[in-house]
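**Student:** This is my_file-v2.txt (compact mmCIF, C-alpha atoms).
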```txt
# COMPACT_ATOMS: atom_id res chain seq x y z
CA MET E 1 -64.58 31.03 -0.41
CA GLU E 2 -61.88 31.77 -2.92
CA GLU E 3 -62.25 29.79 -6.12
CA PHE E 4 -59.38 28.02 -7.80
CA THR E 5 -60.38 28.47 -11.41
CA LEU E 6 -57.25 26.99 -12.84
CA ILE E 7 -57.13 25.13 -15.18
CA VAL E 8 -58.77 21.88 -15.65
CA PRO E 9 -56.12 19.33 -16.51
CA ASP E 10 -56.01 18.22 -20.10
CA GLY E 11 -55.70 14.67 -18.90
CA GLY E 12 -52.76 12.55 -17.87
CA ARG E 13 -51.47 12.49 -21.40
CA HIS E 14 -49.63 15.80 -21.02
CA GLY E 15 -46.30 14.24 -20.02
CA ALA E 16 -46.67 11.53 -22.62
CA LEU E 17 -47.40 14.19 -25.21
CA MET E 18 -44.14 15.94 -24.39
CA SER E 19 -42.16 12.74 -24.75
CA LYS E 20 -43.98 11.65 -27.86
CA HIS E 21 -43.22 14.89 -29.68
CA ARG E 22 -39.52 15.04 -28.92
CA ASP E 23 -38.92 13.31 -32.24
CA ASN E 24 -40.90 15.99 -34.06
CA PRO E 25 -38.53 18.88 -34.87
CA ALA E 26 -41.26 21.54 -34.87
CA GLN E 27 -42.64 20.51 -31.50
CA ALA E 28 -39.26 19.82 -29.91
CA LEU E 29 -38.27 23.44 -30.62
CA LEU E 30 -40.97 24.74 -28.30
CA GLU E 31 -40.39 22.50 -25.29
CA PRO E 32 -37.78 24.80 -23.65
CA LEU E 33 -40.48 27.49 -23.51
CA LEU E 34 -42.89 25.32 -21.52
CA ALA E 35 -41.33 25.47 -18.04
CA HIS E 36 -44.36 27.37 -16.73
CA GLU E 37 -46.67 24.67 -18.09
CA ARG E 38 -44.65 22.02 -16.26
CA ILE E 39 -45.04 24.05 -13.05
CA LEU E 40 -48.77 24.19 -13.71
CA ARG E 41 -48.85 20.43 -14.12
CA ARG E 42 -47.04 19.96 -10.79
CA ILE E 43 -49.54 22.26 -9.09
CA ILE E 44 -52.45 20.29 -10.50
CA ASP E 45 -50.99 16.83 -9.86
CA ALA E 46 -50.07 17.67 -6.26
CA GLN E 47 -53.43 19.44 -5.69
CA LEU E 48 -51.58 22.52 -4.48
CA GLY E 49 -54.52 24.67 -5.53
CA GLU E 50 -56.15 23.65 -2.25
CA TRP E 51 -53.80 26.07 -0.48
CA LEU E 52 -55.85 28.96 -1.88
CA ARG E 53 -58.53 28.06 0.67
CA ALA E 54 -56.14 28.01 3.63
CA LYS E 55 -56.32 30.91 6.06
CA LEU E 56 -53.33 32.64 7.61
CA LEU E 57 -52.59 31.54 11.18
CA ASP E 58 -53.51 33.98 13.94
CA LEU E 59 -50.39 35.81 15.13
CA ARG E 60 -52.19 37.15 18.19
CA ASP E 61 -51.68 33.79 19.92
CA PRO E 62 -48.58 32.26 18.31
CA ASN E 63 -48.15 29.56 20.98
CA ALA E 64 -51.56 28.11 20.13
CA MET E 65 -50.67 28.11 16.44
CA ARG E 66 -47.23 26.49 16.85
CA ASP E 67 -48.17 22.93 15.89
CA ARG E 68 -50.20 24.02 12.88
CA ALA E 69 -47.31 26.22 11.74
CA LEU E 70 -44.90 23.27 11.92
CA ILE E 71 -47.28 21.10 9.91
CA ARG E 72 -47.56 23.77 7.21
CA LEU E 73 -43.81 24.12 6.93
CA LYS E 74 -43.56 20.39 6.32
CA GLN E 75 -46.40 20.33 3.78
CA LEU E 76 -45.58 23.41 1.70
CA PRO E 77 -42.94 23.32 -1.05
CA GLU E 78 -39.55 24.77 -0.16
CA ARG E 79 -39.13 28.54 -0.37
CA GLU E 80 -36.48 28.32 -3.11
CA THR E 81 -38.82 26.18 -5.20
CA LEU E 82 -41.74 28.58 -4.76
CA HIS E 83 -39.67 31.63 -5.71
CA ALA E 84 -38.27 29.82 -8.76
CA TRP E 85 -41.83 28.97 -9.81
CA ASP E 86 -42.92 32.56 -9.23
CA ASP E 87 -40.09 33.89 -11.42
CA GLU E 88 -40.95 31.47 -14.23
CA LEU E 89 -44.65 32.26 -14.14
CA CYS E 90 -43.99 36.01 -14.09
CA ARG E 91 -41.75 35.64 -17.11
CA ALA E 92 -44.53 33.81 -18.91
CA PHE E 93 -47.36 36.27 -18.43
CA ASP E 94 -45.41 39.53 -18.11
CA GLY E 95 -43.06 39.03 -21.06
CA ALA E 96 -43.59 40.48 -24.51
CA ALA E 97 -42.02 38.95 -27.61
CA ASP E 98 -41.05 41.07 -30.56
CA GLU E 99 -42.59 40.51 -33.97
CA GLN E 100 -39.68 38.45 -35.25
CA ILE E 101 -39.96 35.93 -32.41
CA LEU E 102 -43.71 35.70 -32.82
CA SER E 103 -43.24 35.10 -36.55
CA VAL E 104 -40.83 32.24 -35.90
CA LEU E 105 -43.19 30.65 -33.38
CA LEU E 106 -46.17 30.94 -35.71
CA ALA E 107 -44.18 29.42 -38.57
CA THR E 108 -43.14 26.62 -36.21
CA MET E 109 -46.79 26.02 -35.36
CA LEU E 110 -47.67 25.65 -39.04
CA ASP E 111 -44.74 23.27 -39.52
CA GLY E 112 -46.34 21.02 -36.93
CA PHE E 113 -49.19 20.30 -39.33
CA PRO E 114 -48.91 18.28 -42.55
CA ARG E 115 -47.69 20.23 -45.54
CA GLY E 116 -50.27 21.78 -47.81
CA MET E 117 -52.96 22.19 -45.17
CA LEU E 118 -52.64 25.97 -45.27
CA PRO E 119 -52.83 27.65 -48.70
CA ASN E 120 -50.72 30.70 -47.82
CA ALA E 121 -48.60 30.54 -44.69
CA LYS E 122 -47.18 34.04 -45.21
CA THR E 123 -50.66 35.58 -45.28
CA TYR E 124 -51.69 33.62 -42.20
CA VAL E 125 -48.63 34.69 -40.19
CA GLY E 126 -49.08 38.31 -41.27
CA GLY E 127 -52.73 38.33 -40.24
CA ALA E 128 -51.97 36.65 -36.92
CA LEU E 129 -49.23 39.18 -36.16
CA LEU E 130 -51.63 42.02 -36.90
CA VAL E 131 -54.17 40.66 -34.42
CA LEU E 132 -51.71 39.50 -31.75
CA GLY E 133 -49.92 42.84 -31.86
CA GLY E 134 -52.84 44.33 -29.95
CA PHE E 135 -51.71 42.94 -26.62
CA PRO E 136 -48.38 41.86 -25.06
CA LEU E 137 -47.64 38.20 -25.59
CA SER E 138 -44.64 36.30 -24.29
CA PRO E 139 -42.97 33.48 -26.26
CA GLU E 140 -43.88 31.14 -23.39
CA ILE E 141 -47.60 31.87 -23.62
CA LEU E 142 -47.66 31.51 -27.40
CA ALA E 143 -45.72 28.25 -27.19
CA ALA E 144 -48.20 26.87 -24.64
CA ALA E 145 -51.09 27.90 -26.87
CA ILE E 146 -49.46 26.20 -29.85
CA PHE E 147 -49.04 22.95 -27.92
CA ARG E 148 -52.70 23.02 -26.95
CA ILE E 149 -53.61 23.62 -30.60
CA TRP E 150 -51.47 20.71 -31.77
CA ARG E 151 -53.06 18.48 -29.17
CA LYS E 152 -56.64 19.36 -30.11
CA ASN E 153 -56.63 20.30 -33.79
CA ARG E 154 -56.02 18.29 -36.92
CA PHE E 155 -55.94 21.46 -39.00
CA PRO E 156 -54.30 24.87 -38.45
CA PRO E 157 -56.54 27.07 -36.29
CA THR E 158 -58.28 30.18 -37.43
CA ILE E 159 -56.69 33.36 -36.11
CA ALA E 160 -59.63 33.78 -33.74
CA GLU E 161 -59.02 30.27 -32.35
CA LEU E 162 -55.33 31.08 -31.95
CA VAL E 163 -56.16 34.22 -29.96
CA ASP E 164 -58.56 32.25 -27.74
CA GLU E 165 -55.85 29.69 -26.97
CA CYS E 166 -53.35 32.45 -26.14
CA GLU E 167 -55.82 34.03 -23.73
CA CYS E 168 -56.48 30.64 -22.14
CA SER E 169 -52.75 29.96 -21.72
CA LYS E 170 -52.24 33.36 -20.13
CA ARG E 171 -55.10 32.78 -17.68
CA ARG E 172 -53.56 29.44 -16.72
CA ALA E 173 -50.24 31.11 -15.92
CA VAL E 174 -51.96 33.86 -13.91
CA ASP E 175 -54.00 31.34 -11.94
CA ALA E 176 -50.93 29.22 -11.24
CA ARG E 177 -49.12 32.26 -9.89
CA ARG E 178 -52.06 32.97 -7.57
CA VAL E 179 -51.44 29.58 -6.00
CA VAL E 180 -47.69 30.14 -5.70
CA THR E 181 -48.17 33.62 -4.21
CA LYS E 182 -50.59 32.23 -1.62
CA MET E 183 -48.18 29.44 -0.66
CA ILE E 184 -45.35 31.95 -0.17
CA ALA E 185 -47.63 34.03 2.07
CA LEU E 186 -48.56 30.93 4.09
CA LEU E 187 -44.91 29.99 4.43
CA ASP E 188 -44.02 33.49 5.66
CA ASN E 189 -46.93 33.39 8.09
CA ALA E 190 -45.94 30.00 9.53
CA GLU E 191 -42.37 31.18 10.10
CA GLU E 192 -43.66 34.36 11.77
CA VAL E 193 -45.75 32.22 14.15
CA LEU E 194 -42.75 30.14 15.14
CA THR E 195 -40.54 33.18 15.54
CA ALA E 196 -43.17 34.89 17.71
CA SER E 197 -43.54 31.74 19.82
CA GLY E 198 -39.78 31.71 20.43
CA ASP E 199 -39.41 28.50 18.44
CA PHE E 200 -37.53 29.69 15.38
CA ASP E 201 -35.16 26.67 15.51
CA ALA E 202 -38.19 24.40 15.17
CA SER E 203 -39.07 26.12 11.92
CA LYS E 204 -35.63 25.28 10.54
CA ASN E 205 -35.92 21.66 11.67
CA ALA E 206 -39.34 21.36 10.01
CA LEU E 207 -37.96 22.14 6.58
CA PRO E 208 -36.81 19.23 4.41
CA ASN E 209 -33.07 18.76 4.00
```
Here is the file; what I need is its structure written in the form of structure tokens.

**Tutor:**
Amino acid sequence: MEEFTLIVPDGGRHGALMSKHRDNPAQALLEPLLAHERILRRIIDAQLGEWLRAKLLDLRDPNAMRDRALIRLKQLPERETLHAWDDELCRAFDGAADEQILSVLLATMLDGFPRGMLPNAKTYVGGALLVLGGFPLSPEILAAAIFRIWRKNRFPPTIAELVDECECSKRRAVDARRVVTKMIALLDNAEEVLTASGDFDASKNALPN
């Protein structure tokens, strides 16, 4: 059976964390980059990861699969929503920020901690850029990693800890896209069943208005 390795929720405080930090200039700057994390939260909260275990309906006997196809169309998110999620998640784990953007994000991360906790911010940012330059990293993934660091750490992370959080954030985005890709495939399959059964109008009526 396929495992849904996503992403254990960080607790129900995630939404509260977002709201709480809107008054913090450093943290508010990063919120526009967290659309993929909000998608992840919706997937977790709605238990959409369960769709990874669903099997495609058998097209060899579409009439027998008709009712199950209708149920799936009603249960799955709308196609436009799924494709929008897919685009956002692809942007997160396929993108690559240039050094200037990474520098700004790292400086923003340090600004989220009390002043004086890091002896030399310039040296830290330079070292982090040197290490992070070894693999593509999108602004969205780094922003998600920074939020996780702020949530867990009272002190700025070591560069090794920063890299670990970036890798974790990227895995979360990849796993979330696995779920979205599977739901799109299931949606296509259900519509194929109804088309093959001569009941294409029923597929339209099953979709929410």

**Student:** Would you mind telling me which residue in E:Leu142, E:Asn153, E:Leu33, E:Val163 lies nearest to Gly127 in chain E when using only C-alpha atoms?

**Tutor:**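 Closest to Gly127 in chain E, using only C-alpha atoms: E:Val163.
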
**Student:** With a distance cut-off of 8 Å and only C-alpha atoms, select the neighbouring residues of Cys166 in chain E, excluding the residue or stretch itself and same-chain residues fewer than 4 positions from it, and output the selection as a list in words.

**Tutor:**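 Listed by chain and then number, they are Ile141, Leu142, Ala144, Ala145, Leu162 and Lys170 of chain E.
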
**Student:** Considering only C-alpha atoms, return as a ChimeraX atom specification whatever protein or nucleic-acid residues lie within 12 Å of range 92-103 of chain E, sequence-local ones (same chain, fewer than 6 positions apart) excluded.

**Tutor:** /E:30,33-37,39-40,85-86,109-110,121-146,166-177

**Student:** E:Ala64, E:Ile71, E:Leu48, E:Leu29: which is nearest Ala190 in chain E, counting all atoms listed in the file?

**Tutor:**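 For Ala190 in chain E, the nearest of the given residues is E:Ile71.
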
**Student:** Rounded to one decimal in Å, what is the spacing between CA of Asp58 in chain E and CA of Gly198 in chain E?

**Tutor:** 15.4 Å

**Student:** Which one of E:Leu59, E:Val180, E:Leu194, E:Leu106 sits closest to Asp87 in chain E if you count all atoms listed in the file?

**Tutor:**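 The answer is E:Val180, which sits nearest to Asp87 in chain E.
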
**Student:** How many Å separate CA of Leu105 in chain E from CA of Thr158 in chain E?

**Tutor:**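 One can read the CA of Leu105 in chain E to CA of Thr158 in chain E distance as 15.6 Å.
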
**Student:** Report, as lines of an AutoDock Vina configuration file, the axis-aligned box around all atoms of range 164-176 of chain E present in the file, extended by 6 Å on each side; give centre and edge lengths in Å to one decimal place.

**Tutor:**
```
center_x = -54.4
center_y = 31.6
center_z = -19.5
size_x = 20.3
size_y = 16.8
size_z = 28.5
```

**Student:** Please identify all polymer residues lying at most 9 Å from the point (-46.9, 28.2, 12.2) (file coordinates), using only C-alpha atoms, and present the result as a PyMOL selection string.

**Tutor:** chain E and resi 57-59+62-63+65-73+186-195+203

**Student:** Could you tell me how far CA of Arg41 in chain E sits from CA of Leu56 in chain E, in Å to one decimal place?

**Tutor:**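 If I compute the distance from CA of Leu56 in chain E to CA of Arg41 in chain E, I get 25.3 Å.
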
**Student:** For a quick check of understanding, using only C-alpha atoms, which of E:Asp199, E:Phe113, E:Gln27, E:Met183 has the smallest distance to Glu78 in chain E?

**Tutor:** E:Met183

**Student:** With only C-alpha atoms as the basis for distance, which of E:Ile149, E:Val179, E:Ala196, E:Arg79 is at the shortest distance from Leu52 in chain E?

**Tutor:**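 Going through E:Ile149, E:Val179, E:Ala196, E:Arg79 one by one, the smallest distance to Leu52 in chain E is for E:Val179.
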
**Student:** Which of these residues is nearest to Pro114 in chain E, using only C-alpha atoms: E:Pro32, E:Glu161, E:Thr181, E:Pro156?

**Tutor:**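 Checking each of E:Pro32, E:Glu161, E:Thr181, E:Pro156 against Pro114 in chain E, counting only C-alpha atoms, the winner is E:Pro156.
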